[in-house]
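Peer 1: Please find one structure pasted underneath; my questions will follow.
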Amino acid sequence: MNERLAALLDGYLEGLKSYVAGADEFELGRAYSMGRAALADGMGLLEMSELHHEALQVLLPRVDAADRERAVRAATVFFNELLSPFEMSLRGYRMANHELQRLNDDLQRQKRDLEGANRELETFSYSASHDLRSPLSGVKGLCDLLLQQRGATLDPTARRYLLLILESTTKMLQLIDDLLDLARAGRAEMQVSEVDLSAMTRDICDRLHNVEPSRDVHFVIEPGARVQGDPRLLGVLLENLLRNAWKFTAKRSGALVEFGWRADDRGTVFHVRDNGAGFDEDQKSRLFRAFSRLHSNVDFEGTGIGLTTAQRVVSRHGGEIWAKGATGLGATFYFTLPGGGRP
Amino acid sequence: MTREGAFADAVVLLRDESDVPVLRDRVRRLGREQGLSRVEVESLATAVSEIARNVLDHAGEGFATLDAVADGVRSGVQVTFRDAGQGIANVELALQDGYSSRGGLGLGLAGASRMVDEFSIESAPGSGTLVTLRQWSRQTR
């Protein structure tokens with residue numbers, strides 16, 4: 001018998017004796033109060049049972065054999081009274097548990113509904129983008145053809161209109177490609193293998209340079225950043241971050257784009273840094289939101305989906321992405337890819 | 001429910017702890033007379049203790065009325081508690097588990113309500129509180 005029970009035994013035994021001798025309601029009230037206090041102290045039903053058992057062992061040998069049956073019945077009434085607060089509490093727990101179960105079921109159902117709706121939305125945006133793309137490519141192809149093969153026969157105004165059509169079409173194709181990337185970043189099955197982010201960065205930078213060879217941008221790429229991840233998705237991630245860096249350094253001389261990593265308490269933190277237009281730290285919360293742009297289209301063109309896609313890719317890899325920057329002083333994007341790591 | 005066959009059985013004043021056993025004793029006796037089982041009587045007595053404790057703790061004093069009730073099929077016991085205390089501003093809140101019960105989940109008003117077949121409470125700040133418990137006999141007579 002533990003200490004807490006031993007401390008109760010004297011009082012319980014006294015009440016029980018007195019109840020068995022005189023069957024007084026006052027003693028029952030005491031049993032009830034004792035039960036309530038024991039419950040509040042965190043004691044359990046088995047302990048109450050033991051308490052009663054101990055008390056009976058002391059009490060019964062002192063009762064006349066002829067009176068023993070009545071005494072046991074009275075003792076049971078007394079014991080019931082000790083237990084009744086436990087019964088009351090148990091009903092409370094049962095009800096609370098029931099309610100919790102119901103709320104949990106609700107939550108699970110809502111979660112399933114939400115996931116379903118999300119999947120449908122992604123499927124829709126994917127197929128919509130996909131179906132928009134081919135007719136638009138047709139328009140662009142015909143414009144190209146017209147310009148190259150029949151350009152000489154067009155009068156200058158018609159040529160100018162055609163160039164405007166071509167420019168708009170190209171922009172729209174870029175938007176659709178970005179949307180497709182975004183949808184893919186959320187939907188695509190992950191195919192994990194070793195990816196060399198440094199080599200990937202090098203390739204993307206070369207491509208950017210080939211598109212606009214006239215620009216003078218200095219690249220600093222830390223080699224050997226090998227991680228485990230989906231090569232396609234990680235390509236989309238770097239493409240978006242580097243394209244951003246390339247774009248926002250367009251208006252300055254001595255442009256610098258840097259890729260590297262540091263190890264800290266979050267694991268390996270990769271970064272893409274530029275010394276371009278930067279952004280207003282107060283607007284930071286909008287940075288990764290779809291279609292939200294911190295710079296006007298006049299200053300820098302863009303669809304406002306790139307960083308949303310980047311964030312989705314990082315989160316598919318269980319990582320985090322964040323940014324630091326200041327207006328006019330460049331921007332740095334950091335991301336982690338758990339499972340990947342420093343070579 | 002019709003009040004056919006109901007009669008005012010007793011009024012028990014609640015002035016301090018020592019009145020609670022008196023009330024419980026009356027409740028128990030009336031319960032047995034009305035054909036309630038031992039478990040039904042015990043559950044009712046437990047609820048009565050909780051409400052009596054509540055009255056003494058919050059209003060300082062009050063009284064309980066006992067009635068034998070019948071609805072043509074069953075017979076039962078009704079216990080009504082009245083006090084002229086501060087009343088309860090938010091009854092719904094007071095009926096939530098763990099609101100003021102110091103003993104743990106499921107005691108107090110909420111606990112008492114689960115020990116009986118019917119439970120109602122009327123209260124407003126400044127106009128005291130009226131709590132009615134009813135326990136029915138499971139066996140039909």
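We label chains A, B, ... in the order they appear in the structure tokens, count residues from 1 in each chain, and number ligands from 1 in the order shown.
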Write out as number ranges by chain the residues lying within 9 Å of stretch 121-134 of chain B, counting only C-alpha atoms and excluding same-chain residues fewer than 6 positions away.

Peer 2: B: 44, 47-48, 51, 55, 59, 69, 76-91, 112-113

Peer 1: Take the selection from the previous step and output its residues with N, CA and C atoms, as an mmCIF file, in the first residue's frame.

Peer 2:
```cif
data_model
loop_
_atom_site.group_PDB
_atom_site.id
_atom_site.type_symbol
_atom_site.label_atom_id
_atom_site.label_comp_id
_atom_site.auth_asym_id
_atom_site.auth_seq_id
_atom_site.Cartn_x
_atom_site.Cartn_y
_atom_site.Cartn_z
ATOM 1 N N LEU B 44 -28.317 9.636 -8.479
ATOM 2 C CA LEU B 44 -29.039 10.849 -8.102
ATOM 3 C C LEU B 44 -28.407 11.487 -6.865
ATOM 4 N N ALA B 47 -25.337 13.391 -7.819
ATOM 5 C CA ALA B 47 -25.659 14.677 -8.458
ATOM 6 C C ALA B 47 -26.126 15.680 -7.411
ATOM 7 N N VAL B 48 -26.941 15.216 -6.476
ATOM 8 C CA VAL B 48 -27.449 16.087 -5.418
ATOM 9 C C VAL B 48 -26.290 16.650 -4.590
ATOM 10 N N ILE B 51 -24.561 19.435 -6.645
ATOM 11 C CA ILE B 51 -25.320 20.701 -6.731
ATOM 12 C C ILE B 51 -25.366 21.377 -5.358
ATOM 13 N N VAL B 55 -24.227 25.129 -4.453
ATOM 14 C CA VAL B 55 -25.063 26.144 -3.800
ATOM 15 C C VAL B 55 -24.305 26.749 -2.615
ATOM 16 N N ALA B 59 -23.466 30.462 -3.444
ATOM 17 C CA ALA B 59 -24.511 31.350 -2.943
ATOM 18 C C ALA B 59 -24.464 31.435 -1.414
ATOM 19 N N VAL B 69 -42.561 12.298 -8.779
ATOM 20 C CA VAL B 69 -43.198 12.642 -10.051
ATOM 21 C C VAL B 69 -43.563 11.370 -10.813
ATOM 22 N N GLY B 76 -40.722 8.710 -10.709
ATOM 23 C CA GLY B 76 -39.379 9.229 -10.511
ATOM 24 C C GLY B 76 -39.307 10.247 -9.394
ATOM 25 N N VAL B 77 -38.127 10.847 -9.281
ATOM 26 C CA VAL B 77 -37.876 11.827 -8.232
ATOM 27 C C VAL B 77 -37.389 13.118 -8.889
ATOM 28 N N GLN B 78 -37.930 14.219 -8.404
ATOM 29 C CA GLN B 78 -37.441 15.515 -8.878
ATOM 30 C C GLN B 78 -36.877 16.289 -7.701
ATOM 31 N N VAL B 79 -35.688 16.824 -7.874
ATOM 32 C CA VAL B 79 -35.081 17.646 -6.827
ATOM 33 C C VAL B 79 -34.816 19.024 -7.424
ATOM 34 N N THR B 80 -35.319 20.036 -6.749
ATOM 35 C CA THR B 80 -35.140 21.402 -7.238
ATOM 36 C C THR B 80 -34.322 22.203 -6.233
ATOM 37 N N PHE B 81 -33.278 22.825 -6.715
ATOM 38 C CA PHE B 81 -32.434 23.664 -5.848
ATOM 39 C C PHE B 81 -32.684 25.125 -6.179
ATOM 40 N N ARG B 82 -32.869 25.899 -5.126
ATOM 41 C CA ARG B 82 -32.999 27.344 -5.346
ATOM 42 C C ARG B 82 -32.019 28.071 -4.454
ATOM 43 N N ASP B 83 -31.427 29.117 -5.005
ATOM 44 C CA ASP B 83 -30.643 29.992 -4.142
ATOM 45 C C ASP B 83 -30.831 31.420 -4.615
ATOM 46 N N ALA B 84 -30.460 32.364 -3.765
ATOM 47 C CA ALA B 84 -30.620 33.778 -4.107
ATOM 48 C C ALA B 84 -29.242 34.413 -4.252
ATOM 49 N N GLY B 85 -28.303 33.611 -4.721
ATOM 50 C CA GLY B 85 -26.930 34.105 -4.863
ATOM 51 C C GLY B 85 -26.775 35.012 -6.077
ATOM 52 N N GLN B 86 -25.540 35.213 -6.470
ATOM 53 C CA GLN B 86 -25.229 36.125 -7.586
ATOM 54 C C GLN B 86 -25.749 35.632 -8.925
ATOM 55 N N GLY B 87 -26.054 34.352 -8.970
ATOM 56 C CA GLY B 87 -26.514 33.800 -10.239
ATOM 57 C C GLY B 87 -25.342 33.508 -11.153
ATOM 58 N N ILE B 88 -25.661 32.925 -12.294
ATOM 59 C CA ILE B 88 -24.615 32.534 -13.243
ATOM 60 C C ILE B 88 -24.791 33.369 -14.494
ATOM 61 N N ALA B 89 -23.755 34.111 -14.847
ATOM 62 C CA ALA B 89 -23.854 35.014 -15.995
ATOM 63 C C ALA B 89 -23.956 34.220 -17.291
ATOM 64 N N ASN B 90 -23.173 33.164 -17.388
ATOM 65 C CA ASN B 90 -23.149 32.387 -18.618
ATOM 66 C C ASN B 90 -23.354 30.908 -18.298
ATOM 67 N N VAL B 91 -24.616 30.488 -18.392
ATOM 68 C CA VAL B 91 -24.971 29.123 -17.996
ATOM 69 C C VAL B 91 -24.259 28.104 -18.880
ATOM 70 N N ALA B 112 -22.786 16.654 -12.652
ATOM 71 C CA ALA B 112 -24.094 16.344 -12.065
ATOM 72 C C ALA B 112 -25.115 16.076 -13.167
ATOM 73 N N SER B 113 -25.036 16.871 -14.237
ATOM 74 C CA SER B 113 -26.034 16.725 -15.300
ATOM 75 C C SER B 113 -25.981 15.348 -15.940
#
```

Peer 1: DSSP on the backbone, strand (DSSP E or B) only: what residues of stretch 30-136 of chain B does that give? Format it as a PyMOL selection string.

Peer 2: chain B and resi 62-70+75-83+118-123+129-136

Peer 1: Please list as an mmCIF file with all heavy atoms, in the first residue's frame every residue within 10 Å of A:Leu90, counting only C-alpha atoms and excluding residues in the same chain fewer than 5 positions away.

Peer 2:
```cif
data_model
loop_
_atom_site.group_PDB
_atom_site.id
_atom_site.type_symbol
_atom_site.label_atom_id
_atom_site.label_comp_id
_atom_site.auth_asym_id
_atom_site.auth_seq_id
_atom_site.Cartn_x
_atom_site.Cartn_y
_atom_site.Cartn_z
ATOM 1 N N SER A 84 -18.435 7.094 -6.425
ATOM 2 C CA SER A 84 -19.342 7.850 -7.303
ATOM 3 C C SER A 84 -18.700 9.078 -7.970
ATOM 4 O O SER A 84 -19.004 9.357 -9.128
ATOM 5 C CB SER A 84 -20.636 8.207 -6.582
ATOM 6 O OG SER A 84 -20.355 8.942 -5.425
ATOM 7 N N PRO A 85 -17.814 9.830 -7.302
ATOM 8 C CA PRO A 85 -17.162 10.931 -8.047
ATOM 9 C C PRO A 85 -16.357 10.424 -9.246
ATOM 10 O O PRO A 85 -16.285 11.097 -10.275
ATOM 11 C CB PRO A 85 -16.233 11.570 -7.005
ATOM 12 C CG PRO A 85 -16.793 11.196 -5.698
ATOM 13 C CD PRO A 85 -17.394 9.837 -5.890
ATOM 14 N N MET A 95 -17.704 11.565 -22.555
ATOM 15 C CA MET A 95 -18.379 12.523 -23.414
ATOM 16 C C MET A 95 -17.352 13.395 -24.153
ATOM 17 O O MET A 95 -17.486 13.644 -25.347
ATOM 18 C CB MET A 95 -19.307 13.378 -22.578
ATOM 19 C CG MET A 95 -20.103 14.343 -23.410
ATOM 20 S SD MET A 95 -21.482 15.012 -22.475
ATOM 21 C CE MET A 95 -22.729 13.773 -22.753
ATOM 22 N N ALA A 96 -16.326 13.840 -23.422
ATOM 23 C CA ALA A 96 -15.297 14.686 -24.038
ATOM 24 C C ALA A 96 -14.589 13.925 -25.151
ATOM 25 O O ALA A 96 -14.298 14.463 -26.223
ATOM 26 C CB ALA A 96 -14.293 15.147 -22.991
ATOM 27 N N LEU B 105 -11.850 16.853 -14.737
ATOM 28 C CA LEU B 105 -12.874 16.884 -15.773
ATOM 29 C C LEU B 105 -14.121 16.128 -15.327
ATOM 30 O O LEU B 105 -14.033 15.075 -14.725
ATOM 31 C CB LEU B 105 -12.311 16.249 -17.039
ATOM 32 C CG LEU B 105 -13.172 16.355 -18.287
ATOM 33 C CD1 LEU B 105 -13.164 17.766 -18.813
ATOM 34 C CD2 LEU B 105 -12.649 15.403 -19.337
ATOM 35 N N GLY B 106 -15.271 16.678 -15.653
ATOM 36 C CA GLY B 106 -16.501 15.930 -15.470
ATOM 37 C C GLY B 106 -17.167 16.063 -14.112
ATOM 38 O O GLY B 106 -18.092 15.332 -13.811
ATOM 39 N N LEU B 107 -16.698 16.978 -13.251
ATOM 40 C CA LEU B 107 -17.385 17.197 -11.973
ATOM 41 C C LEU B 107 -18.232 18.463 -12.091
ATOM 42 O O LEU B 107 -18.500 18.937 -13.169
ATOM 43 C CB LEU B 107 -16.368 17.321 -10.837
ATOM 44 C CG LEU B 107 -15.434 16.106 -10.669
ATOM 45 C CD1 LEU B 107 -14.512 16.321 -9.479
ATOM 46 C CD2 LEU B 107 -16.239 14.833 -10.474
ATOM 47 N N GLY B 111 -20.847 17.543 -14.484
ATOM 48 C CA GLY B 111 -20.813 16.181 -13.962
ATOM 49 C C GLY B 111 -22.168 15.767 -13.434
ATOM 50 O O GLY B 111 -22.676 14.681 -13.747
#
```

Peer 1: Counting only C-alpha atoms, a student should be able to say which residues of chain B come within 12 Å of chain A; what is the right answer, written as a VMD selection string?

Peer 2: chain B and resid 17 to 29 38 to 50 52 to 53 95 to 98 101 to 116

Peer 1: Set the distance at 8 Å and use only C-alpha atoms: which residues neighbour A:Ala199 once local chain neighbours fewer than 3 positions away are removed? I'd like the list as a JSON list (two decimals) with C-alpha atoms, in the first residue's frame.

Peer 2:
```json
[["chain", "number", "residue", "atom", "x", "y", "z"],
["A", 196, "ASP", "CA", 24.93, 18.57, -58.96],
["A", 202, "ARG", "CA", 26.66, 26.69, -64.68],
["A", 203, "ASP", "CA", 24.48, 25.39, -67.56],
["A", 223, "PRO", "CA", 31.47, 23.96, -57.41],
["A", 224, "GLY", "CA", 30.45, 20.54, -56.13]]
```

Peer 1: Give me the residues near A:Asp216 as a PyMOL selection string, where near means some atom within 10 Å (using only C-alpha atoms) and where sequence neighbours in that chain fewer than 6 positions away do not count.

Peer 2: chain A and resi 209+249-250+252-256

Peer 1: Which residue out of A:Pro213, A:Gly141, A:Gly325, A:Gly306 has the minimum interatomic distance to A:Asp177 when only C-alpha atoms are used?

Peer 2: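 For A:Asp177, the nearest of the candidates is A:Gly306.
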
Peer 1: Report, in Å to a single decimal, how far apart atom CA of A:Tyr334 and atom CA of A:Ile221 are.

Peer 2: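 Rounded to one decimal, the two atoms are 14.8 Å apart.
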
Peer 1: DSSP on the backbone, then: every residue of chain B marked helix (DSSP H, G or I), written as a count of residues only.

Peer 2: 48

Peer 1: As an exercise, work out the distance from atom CA of A:Phe124 to atom CA of A:Ile305 in Å and give it to one decimal place.

Peer 2: 16.9 Å

Peer 1: One decimal, in Å: what's the spacing between atom CA of A:Tyr12 and atom CA of A:Ala71?

Peer 2: 15.3 Å

Peer 1: When you look at stretch 51-67 of chain A with a cut-off of 12 Å (counting only C-alpha atoms), what residues show up, excluding the ones that are within fewer than 6 positions of it in the same chain? I need them as a PyMOL selection string.

Peer 2: chain A and resi 1-21+31+34-35+38+43-45+73-83
